[in-house]
Amino acid sequence: MTRVTSAQKIAAARAEGRPALIGYLPAGYPDVATSIEAAVALAENGVDVIEIGIPYSDPVMDGQVIQEATVQALANGFKVPQIFEIVRGITERTDAAVMVMTYWNPVLRLGVDEFARRFAEAGGAGLITPDLVPDESAEWMEASEKHGLERVFLIAPSSTEARVQRTVDASSGFVYCVSLMGVTGARSEVSSAAQAVVDAAHNAGAENACVGLGVSRREHVEEIGAYADGVIVGTALVAALRDGGVPAVGALAAELSGRA
Amino acid sequence: MSTPENSEHSQSIDAQSLRHASGPYFGAYGGRWMPESLMAAMDELNETFEAAKNDPEFIAQVKDLNKNYSGRPSLLTEAKRFSEQYCGGVRIFLKREDLNHTGSHKINNVLGQALLAKRMGKTRIIAETGAGQHGVASATAAALMGLECVVYMGAEDTRRQALNVARMRLLGATVIPVTVGSQTLKDAINEALRDWVANVETTHYLLGTAAGGAPFPAMVRYFHEVIGDEAREQILAQAGRLPDAVTACIGGGSNAIGIFHGFLDDPSVEIYGFEAGGDGVDTDRHAATITLGRPGVLHGAKSYLMQDEDGQTVESHSISAGLDYPGVGPEHAYLADIGRVTYEPVTDTEAMDAFKALCRTEGILPAIESAHALAGTIRLAARKIAEGAVPQETIIIANLSGRGDKDVGTAAAWFNMIDEKDAEAEISAANAQNSGSQNSEEK
């Protein structure tokens, strides 16, 4: 299979004059089969890049909605190697780029190179790593180069210019711009800090700067799309899946992408 | 410091000093495995700490607080009856951190970090706590220095430790029961980290043990080094020579790294850390992280970690809440790997036997955490004698990291010393008081 990268999808969206839409859902929530169906529903309703989160026992960057979903996925028996099955299930049925968001210990435990190899074989595009900074990423840099995977690191409103530069230099695909100082969760308004973070990434040479955290509505997508290359929605989609199942995920994705 | 032992430094394991390892790495361990959002705060903390260490005014402030507030130096007490009855006559000296204000070594670290928080212009500190000792110490430092204090504590622990919750509230702290995840100490740390990410401009995270991302492990050690420095000086004065061995209990490992520090560069001194073996390391209910864990990353540092085959953190179990943590400080992981420190598990039963032994022979009620070090010391003394050591010429220093007042309920239940009906009445009264005060908790 030919692998679709997030960089390709973001470039394609740009060519259409719109920001790329990136949608997050946890792996194995509520079970493996449904998590694949929900991701396919995202792709069918205008989501360009699918971000699948690996449930982890200690998710320090996640708010309550995502925590509860990942706790349930683990309670329902999710095992880390099933991520490859899920990624394959999505890439076989959609042309979306599939990223995996993971805290680092599960990757370390399986082995960084082993994880990268199996993930690439499943058609995955790259990893988003909320608790891995470039400073500690030597092993991941090597494995991602070897297996042709994208590395998405995060920058925050608190990041210094030097750290933004280092992060942009280490990233590929896109740079994840954290819109506010906090954890994941829907908020009524987009943080005023978001644009400054995106500007800092662009000034450091990032081609693609995408904004996440606190983004939940179509008007947020439009507002952020005015200055960023992509918009990341997580908690709102997870809540939709929790409350209304796959159809609700599809409906919200269509609304976010402006198709509804 | 020109003791004869110093001439042996050239023979030490690394051909260089182990005492002042500055991080961020300790061999393959340590580092900063944490969100970018916190990096600026970690850098600021590191810079503030490095500057403070070289600032005579800061050093004088710490010394003054240690002496005139905490009551340092803590005593080094020879435990003669304990030695005769349980250690075959091997001379046992106890480093009396239980005599510090608030009843444990924890005060050393919280005073130092609270001073740093003030230096950084932060007005609020947050802390995690298991049994409540670090929470009480943090609330104490916050009260002393006029800082707002929020303590995260597993909901289950707030019920079991209702009196410590009350102590923190009396000291003006807000206690937030953590109801997410497994509702234990590690989840309290997760919640504190989430709070820190959101409030980092005004808030310092006062981590209670020598774990976490750099600079926490080296910084927490720095504030506890006074334990080892005092103990070394005291044993030279009281026994005329260095000890044959030094022992401490290990949870995250802050009291241990503090006393070990004083002896790491003395090759003649054997060093032992005793982990919580819970029901036994052949069961799945223990907290013997170094003995049975594998390297991984948790709460900012790479170190040994209790985890399953998927890298998910595994629940730890110990009768001692202070040792009930599935991780361990990265410097300990390194000292274990290079063989400078020997780490062994001690079961709940061994620890409680040692707890009672010290009560009955010395009139000292140790914290159950510290009782793990005492149980290990009893075992070590027997081993030394079996190897042919002359008991009266063998010296072991055990770090008595805290007092056992907080553990009276647990110990009394363990030894069936209270009438069950009365105990239940007491606990439900405490719980009623606890939940009654929650509504009006905010101020």
# chains A, B, ... in the order shown; residues from 1 in each chain; ligands from 1

call {"tool": "residues_around", "arguments": {"residues": "range 212-225 of chain A", "least_positions_apart": "5", "cutoff": "9 Å", "atoms": "only C-alpha atoms", "output": "CSV table (one decimal) with C-alpha atoms, in the first residue's frame"}}
result
chain,number,residue,atom,x,y,z
A,18,ARG,CA,-8.8,25.6,3.5
A,19,PRO,CA,-7.1,24.4,6.7
A,20,ALA,CA,-6.6,20.7,7.1
A,21,LEU,CA,-9.0,19.1,9.6
A,22,ILE,CA,-7.4,16.7,12.1
A,176,TYR,CA,1.4,20.7,17.0
A,177,CYS,CA,0.7,24.1,18.4
A,178,VAL,CA,-0.9,23.8,21.9
A,179,SER,CA,-3.3,26.7,22.0
A,180,LEU,CA,-3.3,27.3,25.7
A,182,GLY,CA,-3.7,23.3,30.0
A,183,VAL,CA,-4.9,19.9,29.2
A,184,THR,CA,-7.2,18.5,26.5
A,185,GLY,CA,-10.9,19.5,26.7
A,186,ALA,CA,-13.5,21.5,24.9
A,187,ARG,CA,-13.7,25.2,25.6
A,188,SER,CA,-16.2,27.7,24.4
A,189,GLU,CA,-13.6,30.1,22.9
A,190,VAL,CA,-10.3,29.6,21.2
A,191,SER,CA,-7.4,30.8,23.3
A,194,ALA,CA,-3.0,30.3,19.7
A,195,GLN,CA,-2.1,32.7,16.9
A,230,GLY,CA,-4.6,22.7,10.3
A,231,VAL,CA,-7.0,22.4,13.1
A,232,ILE,CA,-7.1,19.6,15.6
A,233,VAL,CA,-10.3,18.5,17.3
A,234,GLY,CA,-10.3,15.8,20.0
A,235,THR,CA,-12.5,16.0,23.1
A,236,ALA,CA,-15.6,17.1,21.2
A,237,LEU,CA,-15.4,14.0,18.9
A,252,LEU,CA,-19.9,16.3,14.1
A,255,GLU,CA,-20.2,20.0,10.7
A,256,LEU,CA,-16.5,20.7,11.6
A,257,SER,CA,-15.4,20.3,8.0
A,258,GLY,CA,-18.2,22.6,6.8

call {"tool": "select_by_dssp", "arguments": {"residues": "range 179-224 of chain A", "states": "alpha helix (DSSP H)", "output": "ChimeraX atom specification"}}
result
/A:194-203,218-224

call {"tool": "write_last_selection", "arguments": {"atoms": "C-alpha atoms", "output": "compact mmCIF listing (two decimals), in the first residue's frame"}}
result
# COMPACT_ATOMS: atom_id res chain seq x y z
CA ALA A 194 -3.01 30.30 19.73
CA GLN A 195 -2.08 32.68 16.94
CA ALA A 196 1.17 33.69 18.62
CA VAL A 197 2.18 30.03 18.91
CA VAL A 198 1.45 29.46 15.22
CA ASP A 199 3.36 32.61 14.28
CA ALA A 200 6.34 31.44 16.32
CA ALA A 201 6.30 28.09 14.51
CA HIS A 202 6.08 29.73 11.10
CA ASN A 203 8.84 32.18 11.98
CA ARG A 218 -17.02 24.88 13.18
CA GLU A 219 -16.48 28.55 14.03
CA HIS A 220 -13.26 27.61 15.85
CA VAL A 221 -12.09 25.80 12.72
CA GLU A 222 -12.80 28.90 10.63
CA GLU A 223 -11.19 31.26 13.10
CA ILE A 224 -8.02 29.20 13.47

call {"tool": "closest_atom_pairs", "arguments": {"of": "chain B", "to": "chain A", "cutoff": "9 Å", "atoms": "only C-alpha atoms", "output": "Markdown table"}}
result
| residue | atom | partner | partner_atom | distance |
| --- | --- | --- | --- | --- |
| B:Gly31 | CA | A:Glu136 | CA | 7.4 |
| B:Arg32 | CA | A:Glu136 | CA | 7.1 |
| B:Trp33 | CA | A:Leu132 | CA | 5.6 |
| B:Met34 | CA | A:Asp131 | CA | 4.3 |
| B:Pro35 | CA | A:Asp131 | CA | 4.4 |
| B:Glu36 | CA | A:Ile155 | CA | 6.1 |
| B:Ser37 | CA | A:Ala156 | CA | 5.2 |
| B:Leu38 | CA | A:Ser158 | CA | 7.7 |
| B:Met39 | CA | A:Ser159 | CA | 7.2 |
| B:Ala40 | CA | A:Ser158 | CA | 6.1 |
| B:Ala41 | CA | A:Ser158 | CA | 8.3 |
| B:Val180 | CA | A:Gln67 | CA | 8.0 |
| B:Gly181 | CA | A:Val71 | CA | 7.1 |
| B:Ser182 | CA | A:Ser57 | CA | 8.8 |
| B:Lys186 | CA | A:Asp58 | CA | 8.0 |
| B:Asp187 | CA | A:Asp58 | CA | 7.3 |
| B:Ile189 | CA | A:Val60 | CA | 8.9 |
| B:Asn190 | CA | A:Val60 | CA | 5.3 |
| B:Glu191 | CA | A:Val60 | CA | 7.2 |
| B:Leu193 | CA | A:Val60 | CA | 6.5 |
| B:Arg194 | CA | A:Val60 | CA | 6.0 |
| B:Asp195 | CA | A:Gly182 | CA | 7.7 |
| B:Trp196 | CA | A:Gly182 | CA | 8.3 |
| B:Val197 | CA | A:Gly182 | CA | 5.2 |
| B:Ala198 | CA | A:Gly182 | CA | 4.1 |
| B:Asn199 | CA | A:Met181 | CA | 7.4 |
| B:Val200 | CA | A:Met181 | CA | 8.0 |
| B:Arg294 | CA | A:Arg109 | CA | 8.9 |
| B:Pro295 | CA | A:Arg109 | CA | 8.5 |
| B:Gly296 | CA | A:Asn105 | CA | 6.0 |
| B:Val297 | CA | A:Asn105 | CA | 5.5 |
| B:Leu298 | CA | A:Asn105 | CA | 7.4 |
| B:His299 | CA | A:Asp58 | CA | 8.5 |
| B:Gly300 | CA | A:Asp131 | CA | 8.2 |
| B:Gln307 | CA | A:Arg109 | CA | 8.8 |
| B:Asp308 | CA | A:Arg109 | CA | 8.8 |
| B:Glu309 | CA | A:Arg109 | CA | 7.0 |
| B:Asp310 | CA | A:Pro106 | CA | 5.6 |
| B:Gly311 | CA | A:Pro106 | CA | 4.3 |
| B:Gln312 | CA | A:Ser57 | CA | 5.4 |
| B:Thr313 | CA | A:Ser57 | CA | 6.0 |
| B:Val314 | CA | A:Ser57 | CA | 8.5 |

call {"tool": "write_last_selection", "arguments": {"atoms": "N, CA and C atoms", "output": "tab-separated table (two decimals), in the first residue's frame"}}
result
chain	number	residue	atom	x	y	z
B	31	GLY	N	16.73	12.57	33.01
B	31	GLY	CA	16.26	13.31	31.84
B	31	GLY	C	14.94	14.03	32.09
B	32	ARG	N	14.29	14.40	31.00
B	32	ARG	CA	13.01	15.13	31.08
B	32	ARG	C	12.04	14.56	30.08
B	33	TRP	N	11.29	13.56	30.51
B	33	TRP	CA	10.31	12.93	29.64
B	33	TRP	C	8.96	13.50	30.01
B	34	MET	N	8.70	14.72	29.58
B	34	MET	CA	7.48	15.39	29.99
B	34	MET	C	7.05	16.41	28.96
B	35	PRO	N	5.81	16.92	29.09
B	35	PRO	CA	5.27	17.81	28.06
B	35	PRO	C	6.08	19.09	27.87
B	36	GLU	N	6.13	19.53	26.61
B	36	GLU	CA	6.79	20.79	26.26
B	36	GLU	C	6.23	21.96	27.07
B	37	SER	N	4.93	21.92	27.36
B	37	SER	CA	4.31	23.03	28.09
B	37	SER	C	5.03	23.33	29.40
B	38	LEU	N	5.68	22.31	29.99
B	38	LEU	CA	6.35	22.49	31.29
B	38	LEU	C	7.84	22.80	31.17
B	39	MET	N	8.36	22.74	29.95
B	39	MET	CA	9.82	22.88	29.80
B	39	MET	C	10.32	24.24	30.28
B	40	ALA	N	9.57	25.31	29.97
B	40	ALA	CA	10.02	26.64	30.38
B	40	ALA	C	10.09	26.72	31.90
B	41	ALA	N	9.10	26.12	32.57
B	41	ALA	CA	9.09	26.15	34.04
B	41	ALA	C	10.24	25.32	34.60
B	180	VAL	N	-9.84	10.31	39.69
B	180	VAL	CA	-9.61	9.72	38.36
B	180	VAL	C	-8.57	8.61	38.46
B	181	GLY	N	-8.49	7.82	37.40
B	181	GLY	CA	-7.50	6.74	37.33
B	181	GLY	C	-7.68	5.77	38.47
B	182	SER	N	-6.55	5.37	39.08
B	182	SER	CA	-6.63	4.39	40.15
B	182	SER	C	-6.78	5.06	41.52
B	186	LYS	N	0.08	7.86	42.39
B	186	LYS	CA	0.52	8.20	41.03
B	186	LYS	C	-0.50	9.06	40.32
B	187	ASP	N	-1.80	8.85	40.63
B	187	ASP	CA	-2.83	9.67	40.01
B	187	ASP	C	-2.87	11.06	40.63
B	189	ILE	N	-0.16	12.57	41.49
B	189	ILE	CA	0.92	13.24	40.75
B	189	ILE	C	0.42	13.68	39.38
B	190	ASN	N	-0.33	12.80	38.70
B	190	ASN	CA	-0.88	13.17	37.38
B	190	ASN	C	-1.73	14.43	37.48
B	191	GLU	N	-2.59	14.48	38.50
B	191	GLU	CA	-3.47	15.64	38.65
B	191	GLU	C	-2.67	16.90	38.98
B	193	LEU	N	0.35	17.47	38.01
B	193	LEU	CA	0.99	17.89	36.76
B	193	LEU	C	0.00	18.63	35.86
B	194	ARG	N	-1.26	18.15	35.82
B	194	ARG	CA	-2.27	18.82	35.00
B	194	ARG	C	-2.54	20.23	35.53
B	195	ASP	N	-2.61	20.35	36.84
B	195	ASP	CA	-2.78	21.67	37.46
B	195	ASP	C	-1.59	22.56	37.09
B	196	TRP	N	-0.39	21.98	37.16
B	196	TRP	CA	0.82	22.77	36.92
B	196	TRP	C	0.85	23.30	35.48
B	197	VAL	N	0.48	22.44	34.54
B	197	VAL	CA	0.45	22.87	33.14
B	197	VAL	C	-0.46	24.09	32.98
B	198	ALA	N	-1.59	24.08	33.69
B	198	ALA	CA	-2.57	25.15	33.52
B	198	ALA	C	-2.23	26.42	34.31
B	199	ASN	N	-1.41	26.27	35.35
B	199	ASN	CA	-1.17	27.41	36.25
B	199	ASN	C	0.31	27.71	36.48
B	200	VAL	N	1.12	27.33	35.51
B	200	VAL	CA	2.56	27.33	35.74
B	200	VAL	C	3.12	28.73	36.00
B	294	ARG	N	11.16	-2.69	35.44
B	294	ARG	CA	11.98	-2.57	34.24
B	294	ARG	C	12.13	-1.09	33.91
B	295	PRO	N	13.20	-0.72	33.21
B	295	PRO	CA	13.34	0.70	32.86
B	295	PRO	C	12.17	1.20	32.02
B	296	GLY	N	11.75	2.41	32.31
B	296	GLY	CA	10.66	3.04	31.56
B	296	GLY	C	10.61	4.51	31.93
B	297	VAL	N	9.61	5.23	31.42
B	297	VAL	CA	9.47	6.64	31.77
B	297	VAL	C	8.12	6.88	32.43
B	298	LEU	N	8.15	7.61	33.54
B	298	LEU	CA	6.93	7.98	34.25
B	298	LEU	C	7.19	9.29	35.00
B	299	HIS	N	6.22	10.20	34.92
B	299	HIS	CA	6.29	11.45	35.67
B	299	HIS	C	7.59	12.21	35.41
B	300	GLY	N	8.10	12.09	34.21
B	300	GLY	CA	9.22	12.97	33.82
B	300	GLY	C	10.60	12.36	33.80
B	307	GLN	N	5.63	-1.98	35.55
B	307	GLN	CA	4.78	-1.83	34.37
B	307	GLN	C	4.47	-3.20	33.80
B	308	ASP	N	3.37	-3.24	33.01
B	308	ASP	CA	3.03	-4.51	32.38
B	308	ASP	C	3.70	-4.60	31.00
B	309	GLU	N	3.36	-5.65	30.24
B	309	GLU	CA	4.04	-5.88	28.97
B	309	GLU	C	3.67	-4.82	27.94
B	310	ASP	N	2.65	-3.99	28.22
B	310	ASP	CA	2.26	-2.91	27.32
B	310	ASP	C	2.84	-1.56	27.72
B	311	GLY	N	3.61	-1.54	28.81
B	311	GLY	CA	4.13	-0.26	29.28
B	311	GLY	C	3.13	0.53	30.11
B	312	GLN	N	2.02	-0.12	30.49
B	312	GLN	CA	1.07	0.54	31.40
B	312	GLN	C	1.59	0.39	32.83
B	313	THR	N	1.49	1.47	33.59
B	313	THR	CA	1.96	1.43	34.97
B	313	THR	C	1.11	0.46	35.78
B	314	VAL	N	1.77	-0.34	36.60
B	314	VAL	CA	1.08	-1.34	37.41
B	314	VAL	C	0.90	-0.79	38.82

call {"tool": "residues_around", "arguments": {"residues": "range 79-95 of chain B", "least_positions_apart": "5", "cutoff": "6 Å", "atoms": "only C-alpha atoms", "output": "ChimeraX atom specification"}}
result
/B:361,378,381,391-392,394-400

call {"tool": "select_by_dssp", "arguments": {"residues": "range 62-292 of chain B", "states": "strand (DSSP E)", "output": "PyMOL selection string"}}
result
chain B and resi 76-78+91-96+124-129+148-154+174-178+203-205+245-250+270-278

call {"tool": "write_last_selection", "arguments": {"atoms": "C-alpha atoms", "output": "PDB file, in the first residue's frame"}}
result
ATOM      1  CA  LEU B  76      22.356  10.110  65.845  1.00  0.00           C
ATOM      2  CA  THR B  77      21.162   7.707  68.540  1.00  0.00           C
ATOM      3  CA  GLU B  78      22.868   4.411  69.327  1.00  0.00           C
ATOM      4  CA  ARG B  91      26.174  -1.674  66.783  1.00  0.00           C
ATOM      5  CA  ILE B  92      23.158   0.157  65.335  1.00  0.00           C
ATOM      6  CA  PHE B  93      22.960   3.928  65.099  1.00  0.00           C
ATOM      7  CA  LEU B  94      19.688   5.614  64.150  1.00  0.00           C
ATOM      8  CA  LYS B  95      19.691   8.868  62.215  1.00  0.00           C
ATOM      9  CA  ARG B  96      16.764  10.566  63.876  1.00  0.00           C
ATOM     10  CA  ARG B 124       1.098  29.197  44.947  1.00  0.00           C
ATOM     11  CA  ILE B 125       2.516  25.739  45.536  1.00  0.00           C
ATOM     12  CA  ILE B 126       0.919  22.435  44.664  1.00  0.00           C
ATOM     13  CA  ALA B 127       1.934  19.031  45.973  1.00  0.00           C
ATOM     14  CA  GLU B 128       0.961  15.390  45.778  1.00  0.00           C
ATOM     15  CA  THR B 129       0.654  13.193  48.803  1.00  0.00           C
ATOM     16  CA  GLU B 148      -1.181  29.383  48.795  1.00  0.00           C
ATOM     17  CA  CYS B 149      -1.092  25.577  48.961  1.00  0.00           C
ATOM     18  CA  VAL B 150      -3.118  22.958  47.115  1.00  0.00           C
ATOM     19  CA  VAL B 151      -2.530  19.281  47.834  1.00  0.00           C
ATOM     20  CA  TYR B 152      -3.681  16.477  45.536  1.00  0.00           C
ATOM     21  CA  MET B 153      -4.443  13.219  47.285  1.00  0.00           C
ATOM     22  CA  GLY B 154      -6.051  10.006  46.047  1.00  0.00           C
ATOM     23  CA  THR B 174      -6.786  23.055  50.159  1.00  0.00           C
ATOM     24  CA  VAL B 175      -6.928  19.284  49.796  1.00  0.00           C
ATOM     25  CA  ILE B 176      -8.324  17.983  46.517  1.00  0.00           C
ATOM     26  CA  PRO B 177      -9.348  14.309  46.484  1.00  0.00           C
ATOM     27  CA  VAL B 178      -8.330  12.711  43.174  1.00  0.00           C
ATOM     28  CA  THR B 203       2.561  28.011  40.627  1.00  0.00           C
ATOM     29  CA  HIS B 204       5.493  25.860  41.700  1.00  0.00           C
ATOM     30  CA  TYR B 205       5.015  22.114  41.782  1.00  0.00           C
ATOM     31  CA  ALA B 245      27.010  -0.051  56.272  1.00  0.00           C
ATOM     32  CA  VAL B 246      24.249   2.534  55.844  1.00  0.00           C
ATOM     33  CA  THR B 247      20.599   1.563  55.324  1.00  0.00           C
ATOM     34  CA  ALA B 248      17.406   3.369  54.337  1.00  0.00           C
ATOM     35  CA  CYS B 249      13.947   2.607  53.019  1.00  0.00           C
ATOM     36  CA  ILE B 250      13.124   3.368  49.383  1.00  0.00           C
ATOM     37  CA  GLU B 270      28.302  -0.647  52.086  1.00  0.00           C
ATOM     38  CA  ILE B 271      24.987   0.954  51.207  1.00  0.00           C
ATOM     39  CA  TYR B 272      21.577  -0.735  51.254  1.00  0.00           C
ATOM     40  CA  GLY B 273      18.152   0.432  50.142  1.00  0.00           C
ATOM     41  CA  PHE B 274      15.110  -1.529  51.300  1.00  0.00           C
ATOM     42  CA  GLU B 275      12.062  -1.492  49.065  1.00  0.00           C
ATOM     43  CA  ALA B 276       8.498  -2.335  50.029  1.00  0.00           C
ATOM     44  CA  GLY B 277       7.978  -6.036  49.380  1.00  0.00           C
ATOM     45  CA  GLY B 278       4.301  -5.882  50.363  1.00  0.00           C
TER      46      GLY B 278
END
